[in-house]
$ cat protein.txt   # compact mmCIF, C-alpha atoms
# COMPACT_ATOMS: atom_id res chain seq x y z
CA MET A 1 139.78 156.18 71.84
CA SER A 2 138.92 154.88 68.35
CA ILE A 3 141.50 153.14 66.11
CA ASP A 4 141.57 153.88 62.42
CA ARG A 5 140.79 150.52 60.75
CA ASP A 6 142.51 151.43 57.45
CA TYR A 7 145.63 152.65 59.22
CA LEU A 8 146.02 149.35 61.15
CA LEU A 9 145.63 147.24 58.00
CA ALA A 10 148.20 149.29 56.11
CA LEU A 11 150.69 148.98 58.96
CA CYS A 12 150.52 145.15 59.02
CA CYS A 13 150.96 144.80 55.29
CA ALA A 14 153.89 147.20 55.22
CA THR A 15 155.91 145.23 57.80
CA LEU A 16 155.12 141.81 56.19
CA THR A 17 154.98 140.24 59.61
CA THR A 18 153.34 136.79 59.53
CA GLY A 19 151.89 137.35 62.93
CA CYS A 20 149.59 140.13 61.72
CA PHE A 21 145.96 139.21 61.19
CA SER A 22 143.46 140.73 58.79
CA PRO A 23 140.11 141.68 60.26
CA ASP A 24 137.15 139.79 58.93
CA PRO A 25 135.54 141.77 56.10
CA VAL A 26 132.15 141.49 57.75
CA GLY A 27 133.44 142.68 61.07
CA GLY A 28 134.17 139.34 62.91
CA ASP A 29 137.76 138.42 63.98
CA THR A 30 139.29 135.15 62.60
CA GLU A 31 142.07 134.43 65.02
CA GLY A 32 145.22 132.39 64.23
CA THR A 33 145.02 132.49 60.42
CA PRO A 34 148.46 133.40 58.93
CA THR A 35 148.56 136.01 56.23
CA GLY A 36 148.21 134.54 52.76
CA SER A 37 147.01 131.15 54.00
CA SER A 38 143.33 131.48 53.36
CA THR A 39 143.30 130.15 49.80
CA ALA A 40 145.32 127.16 48.53
CA GLY A 41 147.40 127.92 45.48
CA THR A 42 147.81 131.64 46.13
CA GLU A 43 151.21 133.22 46.34
CA THR A 44 152.57 134.17 49.73
CA PRO A 45 155.08 136.99 49.69
CA ASP A 46 158.30 136.43 51.65
CA PRO A 47 160.61 139.12 53.04
CA THR A 48 162.74 139.01 49.89
CA GLY A 49 159.83 139.79 47.65
CA ASN A 50 159.82 136.38 46.00
CA ALA A 51 156.60 134.45 45.63
CA THR A 52 156.26 130.96 47.06
CA SER A 53 153.64 128.84 45.37
CA GLY A 54 151.47 126.42 47.33
CA ALA A 55 149.78 126.69 50.69
CA THR A 56 151.65 126.48 53.97
CA ASP A 57 150.65 124.33 56.93
CA ALA A 58 148.03 126.17 58.93
CA GLU A 59 149.71 125.30 62.25
CA THR A 60 153.43 125.59 61.48
CA GLY A 61 153.63 127.80 58.43
CA THR A 62 155.83 125.21 56.65
CA LEU A 63 155.48 124.04 53.07
CA PRO A 64 153.90 120.65 52.46
CA SER A 65 155.94 117.55 51.48
CA THR A 66 157.58 117.71 48.07
CA GLY A 67 156.68 114.07 47.36
CA ALA A 68 160.16 112.54 48.00
CA ASP A 69 160.29 108.71 48.07
CA SER A 70 159.20 107.68 51.55
CA THR A 71 160.72 104.18 51.10
CA ALA A 72 164.32 105.38 50.89
CA GLY A 73 166.60 104.55 53.83
CA PRO A 74 167.45 106.97 56.59
CA PRO A 75 169.59 109.90 55.50
CA ASP A 76 173.35 109.82 55.84
CA ASP A 77 175.40 112.58 57.48
CA THR A 78 174.64 114.91 54.58
CA GLY A 79 170.90 114.32 54.82
CA THR A 80 170.80 112.17 51.66
CA PRO A 81 168.81 108.89 51.95
CA ASP A 82 171.05 105.75 51.91
CA THR A 83 170.40 103.85 48.67
CA THR A 84 173.90 102.31 48.31
CA PRO A 85 173.95 98.50 48.49
CA PRO A 86 176.43 97.02 50.98
CA THR A 87 179.35 94.81 49.95
CA VAL A 88 181.69 92.34 51.65
CA SER A 89 185.03 94.06 52.22
CA SER A 90 187.06 91.07 53.43
CA VAL A 91 186.88 87.61 54.98
CA THR A 92 189.17 85.62 57.25
CA PRO A 93 190.35 83.00 56.37
CA ALA A 94 190.79 84.54 52.94
CA ALA A 95 189.36 82.70 49.96
CA ARG A 96 191.32 79.58 48.93
CA THR A 97 193.47 79.62 52.09
CA GLN A 98 195.11 76.25 52.80
CA GLY A 99 196.23 74.79 56.12
CA VAL A 100 193.39 76.24 58.21
CA TRP A 101 193.14 74.99 61.80
CA ALA A 102 190.17 72.93 62.97
CA ASP A 103 189.17 75.53 65.57
CA THR A 104 189.21 78.47 63.17
CA THR A 105 186.67 81.29 63.36
CA ILE A 106 185.34 83.01 60.25
CA VAL A 107 185.28 86.82 60.21
CA ILE A 108 183.25 88.68 57.55
CA THR A 109 183.70 92.45 57.26
CA PHE A 110 181.06 94.55 55.46
CA SER A 111 181.34 97.99 53.87
CA GLU A 112 178.72 99.48 56.22
CA PRO A 113 176.58 98.56 59.26
CA MET A 114 174.34 95.59 58.55
CA ASP A 115 170.97 94.39 59.74
CA ARG A 116 171.86 91.50 62.01
CA VAL A 117 168.76 89.38 61.54
CA SER A 118 168.69 89.38 57.73
CA THR A 119 172.46 88.94 57.46
CA GLN A 120 172.57 85.93 59.78
CA ALA A 121 169.65 84.40 57.89
CA ALA A 122 171.57 84.92 54.63
CA TRP A 123 174.51 82.77 55.87
CA GLN A 124 174.59 79.48 53.96
CA THR A 125 177.06 76.57 54.16
CA PRO A 126 176.98 72.91 53.14
CA ASN A 127 179.62 71.60 55.55
CA ILE A 128 180.69 74.00 58.30
CA GLY A 129 177.73 73.05 60.48
CA ASP A 130 176.00 74.92 63.27
CA ALA A 131 177.79 77.97 64.59
CA VAL A 132 177.55 80.85 67.03
CA MET A 133 177.39 84.31 65.43
CA MET A 134 178.73 87.48 67.07
CA TRP A 135 178.79 91.08 65.88
CA SER A 136 181.09 94.03 66.38
CA ASP A 137 179.62 97.03 68.16
CA ASP A 138 179.25 98.95 64.88
CA ASP A 139 177.56 96.00 63.09
CA THR A 140 180.16 95.92 60.30
CA GLU A 141 181.92 92.70 61.36
CA LEU A 142 180.29 89.28 61.74
CA THR A 143 182.27 86.51 63.48
CA VAL A 144 181.14 82.92 62.91
CA VAL A 145 182.36 80.34 65.46
CA PRO A 146 181.63 76.72 64.44
CA ASN A 147 180.19 74.61 67.24
CA ALA A 148 182.49 71.67 66.43
CA PRO A 149 186.09 71.48 65.15
CA LEU A 150 186.38 71.23 61.38
CA PRO A 151 187.82 67.80 60.49
CA TYR A 152 191.13 67.32 58.68
CA ALA A 153 191.68 64.92 55.80
CA MET A 154 193.76 61.98 57.09
CA GLY A 155 195.72 59.31 55.24
CA ASP A 156 199.12 57.70 54.77
CA ASP A 157 199.79 58.72 51.14
CA GLU A 158 200.44 62.46 50.96
CA PRO A 159 200.41 62.85 47.14
CA PHE A 160 196.93 61.31 46.92
CA LEU A 161 195.43 62.90 50.02
CA ASP A 162 192.99 65.69 49.15
CA ALA A 163 192.33 68.46 51.65
CA ILE A 164 188.75 69.04 52.80
CA GLU A 165 187.22 72.17 51.30
CA TYR A 166 184.83 74.29 53.39
CA THR A 167 182.55 76.82 51.68
CA PHE A 168 180.02 79.45 52.69
CA THR A 169 177.80 82.06 51.02
CA ILE A 170 176.20 85.32 52.11
CA ALA A 171 173.03 85.61 49.99
CA THR A 172 171.64 88.88 48.63
CA THR A 173 168.88 88.76 51.24
CA ALA A 174 171.37 90.30 53.67
CA THR A 175 170.59 94.00 54.08
CA ASP A 176 172.28 97.00 55.58
CA ALA A 177 170.76 99.11 58.33
CA ALA A 178 168.84 101.14 55.72
CA GLY A 179 167.29 98.04 54.13
CA ASN A 180 169.50 97.92 51.01
CA GLN A 181 170.26 94.36 49.92
CA LEU A 182 173.78 93.02 49.43
CA GLU A 183 175.02 94.05 45.99
CA SER A 184 175.65 90.43 44.98
CA ALA A 185 175.89 87.06 46.71
CA TYR A 186 179.32 86.54 48.27
CA MET A 187 180.95 83.10 48.15
CA SER A 188 184.21 82.01 49.76
CA ASN A 189 186.13 78.84 50.65
CA PHE A 190 189.14 77.52 52.53
CA TYR A 191 190.90 74.19 53.20
CA THR A 192 191.89 72.63 56.51
CA TRP A 193 195.21 70.88 57.06
CA ARG A 194 195.89 67.41 55.74
CA VAL A 195 197.20 64.92 58.32
CA VAL A 196 199.67 62.38 56.97
CA GLN A 197 199.94 59.29 59.20
CA LEU A 198 203.12 57.20 59.44
CA GLN A 199 204.32 54.25 61.50
CA VAL A 200 207.97 54.94 62.28
CA PRO A 201 210.05 51.83 63.16
CA PHE A 202 212.70 51.90 65.86
CA VAL A 203 216.44 52.07 65.18
CA ASP A 204 217.48 48.51 66.10
CA GLN A 205 220.98 49.02 67.51
CA LEU A 206 219.85 52.02 69.60
CA THR A 207 216.74 50.38 71.09
CA GLY A 208 216.91 47.91 73.95
CA MET A 209 218.30 47.74 77.49
CA THR A 210 221.24 49.52 79.06
CA GLY A 211 222.47 50.48 82.53
CA PRO A 212 225.47 51.60 84.56
CA THR A 213 227.04 48.15 84.37
CA VAL A 214 226.08 47.44 80.75
CA ASN A 215 228.60 48.11 78.02
CA GLY A 216 226.48 49.98 75.49
CA ILE A 217 222.96 48.79 74.58
CA ASN A 218 221.72 45.23 74.70
CA ASP A 219 219.48 45.29 71.65
CA ASN A 220 217.19 42.47 72.66
CA ASP A 221 213.90 43.33 74.37
CA VAL A 222 213.51 46.53 76.40
CA TYR A 223 214.00 45.76 80.12
CA VAL A 224 213.32 48.17 83.00
CA GLY A 225 214.03 47.38 86.69
CA ASP A 226 216.76 45.48 88.52
CA THR A 227 218.23 41.97 88.50
CA GLN A 228 218.81 39.36 91.19
CA PHE A 229 222.29 40.87 91.46
CA ASP A 230 220.75 44.31 92.12
CA ALA A 231 222.03 45.62 88.77
CA VAL A 232 220.04 48.59 87.44
CA GLN A 233 218.48 48.20 84.02
CA VAL A 234 216.83 50.96 81.97
CA GLY A 235 215.20 50.83 78.55
CA VAL A 236 215.95 53.06 75.58
CA MET A 237 214.10 53.62 72.31
CA THR A 238 215.32 55.47 69.23
CA PHE A 239 213.32 56.42 66.13
CA ASP A 240 214.45 58.07 62.92
CA MET A 241 212.83 61.46 62.47
CA PRO A 242 210.72 61.81 59.33
CA ILE A 243 212.11 64.64 57.24
CA LEU A 244 209.72 67.60 57.24
CA ARG A 245 210.73 70.53 55.11
CA GLY A 246 209.15 73.97 54.92
CA ALA A 247 206.67 75.94 56.98
CA SER A 248 203.78 74.08 55.35
CA LYS A 249 204.71 70.87 57.24
CA GLN A 250 204.78 70.41 61.00
CA VAL A 251 204.46 67.71 63.65
CA PHE A 252 200.84 67.03 64.59
CA SER A 253 201.17 64.09 66.99
CA ALA A 254 203.64 61.40 68.07
CA THR A 255 202.72 58.39 70.19
CA ILE A 256 204.81 55.44 71.39
CA TYR A 257 203.23 51.97 71.40
CA ALA A 258 204.87 49.05 73.23
CA ASP A 259 203.49 45.75 74.55
CA GLN A 260 204.27 44.99 78.21
CA THR A 261 204.61 41.21 77.94
CA SER A 262 205.95 40.11 81.31
CA VAL A 263 206.63 41.40 84.81
CA GLY A 264 209.13 39.66 87.12
CA GLY A 265 209.00 40.11 90.87
CA ASP A 266 207.21 43.18 92.24
CA PRO A 267 208.62 46.25 90.53
CA TYR A 268 205.50 48.48 90.68
CA GLY A 269 204.62 50.35 93.86
CA PRO A 270 206.37 52.08 96.78
CA LEU A 271 209.42 50.67 98.49
CA PRO A 272 210.40 47.91 98.69
CA SER A 273 209.12 48.12 95.11
CA LEU A 274 210.64 50.55 92.59
CA GLY A 275 207.71 52.90 91.77
CA GLU A 276 206.37 53.65 88.28
CA ILE A 277 208.22 53.68 84.96
CA HIS A 278 208.88 57.21 83.72
CA ALA A 279 209.60 58.23 80.12
CA LEU A 280 212.52 60.66 79.77
CA ASP A 281 213.39 62.79 76.77
CA VAL A 282 217.09 62.23 76.02
CA GLU A 283 219.66 62.72 73.30
CA PHE A 284 222.65 60.41 73.07
CA ALA A 285 225.08 60.29 70.19
CA THR A 286 226.37 56.77 70.87
CA GLU A 287 225.03 53.70 72.63
CA PHE A 288 227.65 54.06 75.37
CA MET A 289 226.09 57.37 76.51
CA ALA A 290 222.50 56.13 76.67
CA ALA A 291 222.39 55.16 80.36
CA ASP A 292 224.07 58.25 81.80
CA VAL A 293 223.22 61.23 79.56
CA PRO A 294 221.18 63.82 81.52
CA ALA A 295 217.50 63.88 80.61
CA LEU A 296 216.14 66.93 78.83
CA SER A 297 212.83 66.45 80.63
CA ASP A 298 210.69 63.91 82.47
CA LEU A 299 207.68 63.33 80.21
CA GLY A 300 205.64 61.52 82.83
CA ILE A 301 204.57 58.00 83.82
CA PHE A 302 204.80 55.48 81.00
CA SER A 303 203.48 52.52 83.03
CA ASP A 304 202.31 52.11 86.62
CA ASN A 305 200.87 48.59 86.70
CA ALA A 306 201.75 44.99 85.84
CA THR A 307 198.90 44.40 83.37
CA GLN A 308 200.04 42.71 80.19
CA GLU A 309 198.82 45.23 77.64
CA THR A 310 199.90 47.73 75.02
CA LYS A 311 201.26 50.84 76.67
CA ILE A 312 200.43 54.04 74.78
CA PHE A 313 202.29 57.26 75.53
CA ASP A 314 202.15 60.69 73.92
CA VAL A 315 205.54 62.21 73.07
CA THR A 316 204.38 64.94 70.67
CA GLU A 317 206.09 67.80 72.48
CA ALA A 318 209.48 66.07 72.56
CA VAL A 319 209.28 64.94 68.93
CA ALA A 320 208.26 68.43 67.79
CA ALA A 321 211.28 69.85 69.62
CA ASP A 322 213.56 67.35 67.87
CA ASP A 323 212.04 68.32 64.54
CA ALA A 324 212.53 72.02 65.25
CA ALA A 325 216.16 71.37 66.24
CA GLY A 326 216.79 69.35 63.07
CA ASN A 327 217.74 66.21 65.01
CA PRO A 328 218.00 63.08 62.83
CA THR A 329 216.48 60.91 65.58
CA THR A 330 214.15 61.20 68.55
CA GLN A 331 215.18 59.21 71.66
CA PHE A 332 213.68 58.16 74.99
CA ARG A 333 214.81 56.42 78.14
CA PHE A 334 212.53 54.46 80.51
CA GLU A 335 213.38 53.95 84.17
CA PHE A 336 212.03 53.59 87.69
CA PRO A 337 212.76 56.42 90.15
CA VAL A 338 214.43 53.81 92.38
CA GLY A 339 217.16 52.01 90.44
CA THR A 340 217.33 48.97 92.74
CA ASN A 341 215.83 48.03 96.09
CA GLY A 342 218.84 45.81 96.90
CA ASP A 343 216.74 42.79 97.87
CA GLY A 344 218.60 40.34 95.61
CA VAL A 345 215.40 39.58 93.69
CA LEU A 346 214.72 40.29 90.00
CA ASP A 347 212.08 43.06 89.79
CA ARG A 348 211.85 43.78 86.08
CA VAL A 349 209.39 44.70 83.35
CA THR A 350 209.78 43.47 79.76
CA PHE A 351 208.53 45.30 76.66
CA ASP A 352 208.51 43.17 73.50
CA LYS A 353 210.80 44.92 71.06
CA ASP A 354 208.91 43.68 68.00
CA THR A 355 205.80 45.56 69.14
CA ILE A 356 207.49 48.95 69.58
CA SER A 357 206.58 51.69 67.14
CA LEU A 358 206.11 55.45 66.92
CA ALA A 359 202.80 56.55 65.41
CA PHE A 360 203.73 59.83 63.79
CA GLU A 361 201.36 62.36 62.22
CA TYR A 362 202.35 65.53 60.46
CA LEU A 363 200.37 68.42 59.01
CA THR A 364 200.72 69.59 55.45
CA GLU A 365 198.73 72.07 53.40
$ encode --input "protein.txt" --output "structure tokens"
Amino acid sequence: MSIDRDYLLALCCATLTTGCFSPDPVGGDTEGTPTGSSTAGTETPDPTGNATSGATDAETGTLPSTGADSTAGPPDDTGTPDTTPPTVSSVTPAARTQGVWADTTIVITFSEPMDRVSTQAAWQTPNIGDAVMMWSDDDTELTVVPNAPLPYAMGDDEPFLDAIEYTFTIATTATDAAGNQLESAYMSNFYTWRVVQLQVPFVDQLTGMTGPTVNGINDNDVYVGDTQFDAVQVGVMTFDMPILRGASKQVFSATIYADQTSVGGDPYGPLPSLGEIHALDVEFATEFMAADVPALSDLGIFSDNATQETKIFDVTEAVAADDAAGNPTTQFRFEFPVGTNGDGVLDRVTFDKDTISLAFEYLTE
């Protein structure tokens, strides 16, 4: 059966179906050539009757690129390329913060996800030192952890003691995920605590030796042990509390220093010796209560040997508690766990009272 050539051509053009093919004018078939695609620059009718200028892709039938900037960042959710520069939204510690701890970490929050490599390379600091850098899962938060504690300024004259300033910069070479550079360099700073150092003298009439058979406190040297009459002796030390006012001041450290100058008999060691000297945290209102007032806590071993040396003992926790309670003094008692071994021999340790002091450090912004 023969097919009318003119009828077939008319049918394809009437339906405007892109899949129809026009026979070759000379009688050969050209397969796969979309209608209207044979000559660049011709108009291709669409189903609405509008003309579309320019040739379509021979394989897909799509229009060629419109010439949009190929260097723009990836599109956002709306399909628009990201050309917005990122900014720093916040930092911790905030700029000009005072009283920052030595082990602080620095947290920088950006307005959008950042490129990790360029942002870390843009970190600059003259004095924070080497640090470990960590990112949040969404790449908007950079945490900087210094490898070493940041030093405090230390001195004994608070009005003339300047805090140490730490600074850092994020340069404009930091880019977001689309390659946009930071809008402007970001600079920030903070200050660590100042440590004021004091030597606190003892309260004379409340520092010395006492015991169950002693009437009050013998304010000569500090004795700990027993006598040839098997009388128990314990030492006490009292220091005036420095007055710290406000949240910007707090106890940093407190350490007792005392020279062990002589040891009689054999007080150190297990029975028949007396053990080791323990430091007890106590509070007594009068000298007559010093020997018997219950201890608030046993702070540990103050001395366990007969070496003539300076004994150094940390009492920071107890002093900080006295400061928090508003106590005017901080007090300690020193005793062996065995009061007397009953052997009729003096077993006693002497601490030279003139060498006793409390090294006290407090923090201030």
$ atom_distance --input "protein.txt" --atom1 "CA of Asn189 (chain A)" --atom2 "CA of Asp115 (chain A)"
23.5 Å
$ closest_residue --input "protein.txt" --among "A:Leu150, A:Ala122, A:Met114, A:Ile356" --to "Asn180 (chain A)" --atoms "all atoms listed in the file"
A:Met114
$ closest_residue --input "protein.txt" --among "A:Asp137, A:Asp347, A:Asp259, A:Asp130" --to "Arg116 (chain A)" --atoms "all atoms listed in the file"
A:Asp137
$ atom_distance --input "protein.txt" --atom1 "CA of Ser273 (chain A)" --atom2 "CA of Thr310 (chain A)"
22.1 Å
$ residues_near_point --input "protein.txt" --point "(204.8, 56.1, 61.7)" --cutoff "12 Å" --atoms "only C-alpha atoms" --output "number ranges by chain"
A: 155-157, 196-202, 239-242, 251-257, 356-362
$ write_last_selection --input "protein.txt" --atoms "C-alpha atoms" --output "PDB file, keeping the file's coordinate frame"
ATOM      1  CA  GLY A 155     195.720  59.310  55.240  1.00  0.00           C
ATOM      2  CA  ASP A 156     199.120  57.700  54.770  1.00  0.00           C
ATOM      3  CA  ASP A 157     199.790  58.720  51.140  1.00  0.00           C
ATOM      4  CA  VAL A 196     199.670  62.380  56.970  1.00  0.00           C
ATOM      5  CA  GLN A 197     199.940  59.290  59.200  1.00  0.00           C
ATOM      6  CA  LEU A 198     203.120  57.200  59.440  1.00  0.00           C
ATOM      7  CA  GLN A 199     204.320  54.250  61.500  1.00  0.00           C
ATOM      8  CA  VAL A 200     207.970  54.940  62.280  1.00  0.00           C
ATOM      9  CA  PRO A 201     210.050  51.830  63.160  1.00  0.00           C
ATOM     10  CA  PHE A 202     212.700  51.900  65.860  1.00  0.00           C
ATOM     11  CA  PHE A 239     213.320  56.420  66.130  1.00  0.00           C
ATOM     12  CA  ASP A 240     214.450  58.070  62.920  1.00  0.00           C
ATOM     13  CA  MET A 241     212.830  61.460  62.470  1.00  0.00           C
ATOM     14  CA  PRO A 242     210.720  61.810  59.330  1.00  0.00           C
ATOM     15  CA  VAL A 251     204.460  67.710  63.650  1.00  0.00           C
ATOM     16  CA  PHE A 252     200.840  67.030  64.590  1.00  0.00           C
ATOM     17  CA  SER A 253     201.170  64.090  66.990  1.00  0.00           C
ATOM     18  CA  ALA A 254     203.640  61.400  68.070  1.00  0.00           C
ATOM     19  CA  THR A 255     202.720  58.390  70.190  1.00  0.00           C
ATOM     20  CA  ILE A 256     204.810  55.440  71.390  1.00  0.00           C
ATOM     21  CA  TYR A 257     203.230  51.970  71.400  1.00  0.00           C
ATOM     22  CA  ILE A 356     207.490  48.950  69.580  1.00  0.00           C
ATOM     23  CA  SER A 357     206.580  51.690  67.140  1.00  0.00           C
ATOM     24  CA  LEU A 358     206.110  55.450  66.920  1.00  0.00           C
ATOM     25  CA  ALA A 359     202.800  56.550  65.410  1.00  0.00           C
ATOM     26  CA  PHE A 360     203.730  59.830  63.790  1.00  0.00           C
ATOM     27  CA  GLU A 361     201.360  62.360  62.220  1.00  0.00           C
ATOM     28  CA  TYR A 362     202.350  65.530  60.460  1.00  0.00           C
TER      29      TYR A 362
END
$ closest_residue --input "protein.txt" --among "A:Thr207, A:Thr307, A:Gln250, A:Thr167" --to "Gln331 (chain A)" --atoms "only C-alpha atoms"
A:Thr207
$ residues_around --input "protein.txt" --residues "Gly344 (chain A)" --least-positions-apart "3" --cutoff "8 Å" --atoms "all atoms listed in the file" --output "PDB file with C-alpha atoms, in the coordinates of the input"
ATOM      1  CA  THR A 227     218.230  41.970  88.500  1.00  0.00           C
ATOM      2  CA  GLN A 228     218.810  39.360  91.190  1.00  0.00           C
ATOM      3  CA  PHE A 229     222.290  40.870  91.460  1.00  0.00           C
ATOM      4  CA  ASP A 230     220.750  44.310  92.120  1.00  0.00           C
TER       5      ASP A 230
END
$ closest_residue --input "protein.txt" --among "A:Thr364, A:Thr286, A:Thr105, A:Ser184" --to "Gly216 (chain A)" --atoms "all atoms listed in the file"
A:Thr286
$ closest_residue --input "protein.txt" --among "A:Ala258, A:Leu206, A:Met289, A:Ala174" --to "Val88 (chain A)" --atoms "all atoms listed in the file"
A:Ala174
$ atom_distance --input "protein.txt" --atom1 "CA of Thr119 (chain A)" --atom2 "CA of Thr175 (chain A)"
6.4 Å
$ residues_around --input "protein.txt" --residues "Gly129 (chain A)" --least-positions-apart "2" --cutoff "8 Å" --atoms "all atoms listed in the file" --output "PyMOL selection string"
chain A and resi 125-127+131+146-148
$ build_atoms --input "protein.txt" --residues "region 154-179 of chain A" --atoms "N, CA and C atoms" --output "compact mmCIF listing (two decimals), keeping the file's coordinate frame"
# COMPACT_ATOMS: atom_id res chain seq x y z
N MET A 154 192.71 62.81 56.50
CA MET A 154 193.76 61.98 57.09
C MET A 154 194.05 60.79 56.18
N GLY A 155 195.33 60.45 56.05
CA GLY A 155 195.72 59.31 55.24
C GLY A 155 197.22 59.12 55.28
N ASP A 156 197.68 58.02 54.70
CA ASP A 156 199.12 57.70 54.77
C ASP A 156 199.85 57.96 53.46
N ASP A 157 199.17 58.49 52.45
CA ASP A 157 199.79 58.72 51.14
C ASP A 157 199.60 60.19 50.78
N GLU A 158 200.58 61.01 51.13
CA GLU A 158 200.44 62.46 50.96
C GLU A 158 200.08 62.88 49.54
N PRO A 159 200.73 62.36 48.49
CA PRO A 159 200.41 62.85 47.14
C PRO A 159 198.95 62.63 46.73
N PHE A 160 198.29 61.63 47.32
CA PHE A 160 196.93 61.31 46.92
C PHE A 160 195.90 61.67 48.00
N LEU A 161 196.32 62.50 48.94
CA LEU A 161 195.43 62.90 50.02
C LEU A 161 194.90 64.30 49.74
N ASP A 162 193.61 64.40 49.47
CA ASP A 162 192.99 65.69 49.15
C ASP A 162 192.51 66.38 50.42
N ALA A 163 192.79 67.67 50.51
CA ALA A 163 192.33 68.46 51.65
C ALA A 163 190.81 68.63 51.58
N ILE A 164 190.19 68.81 52.74
CA ILE A 164 188.75 69.04 52.80
C ILE A 164 188.48 70.52 52.56
N GLU A 165 187.59 70.80 51.62
CA GLU A 165 187.22 72.17 51.30
C GLU A 165 185.96 72.56 52.08
N TYR A 166 185.99 73.75 52.69
CA TYR A 166 184.83 74.29 53.39
C TYR A 166 184.38 75.56 52.67
N THR A 167 183.08 75.68 52.44
CA THR A 167 182.55 76.82 51.68
C THR A 167 181.40 77.47 52.45
N PHE A 168 181.17 78.74 52.14
CA PHE A 168 180.02 79.45 52.69
C PHE A 168 179.62 80.57 51.74
N THR A 169 178.36 81.00 51.86
CA THR A 169 177.80 82.06 51.02
C THR A 169 177.01 83.03 51.89
N ILE A 170 177.10 84.31 51.56
CA ILE A 170 176.20 85.32 52.11
C ILE A 170 175.28 85.72 50.98
N ALA A 171 173.99 85.35 51.07
CA ALA A 171 173.03 85.61 49.99
C ALA A 171 172.66 87.08 49.94
N THR A 172 172.03 87.47 48.83
CA THR A 172 171.64 88.88 48.63
C THR A 172 170.49 89.30 49.54
N THR A 173 169.93 88.38 50.29
CA THR A 173 168.88 88.76 51.24
C THR A 173 169.43 89.49 52.46
N ALA A 174 170.75 89.51 52.60
CA ALA A 174 171.37 90.30 53.67
C ALA A 174 171.21 91.78 53.35
N THR A 175 170.79 92.58 54.31
CA THR A 175 170.59 94.00 54.08
C THR A 175 171.39 94.83 55.07
N ASP A 176 171.63 96.08 54.66
CA ASP A 176 172.28 97.00 55.58
C ASP A 176 171.24 97.60 56.50
N ALA A 177 171.67 98.53 57.35
CA ALA A 177 170.76 99.11 58.33
C ALA A 177 169.64 99.91 57.68
N ALA A 178 169.85 100.37 56.43
CA ALA A 178 168.84 101.14 55.72
C ALA A 178 167.90 100.26 54.91
N GLY A 179 168.15 98.94 54.88
CA GLY A 179 167.29 98.04 54.13
C GLY A 179 167.78 97.72 52.73
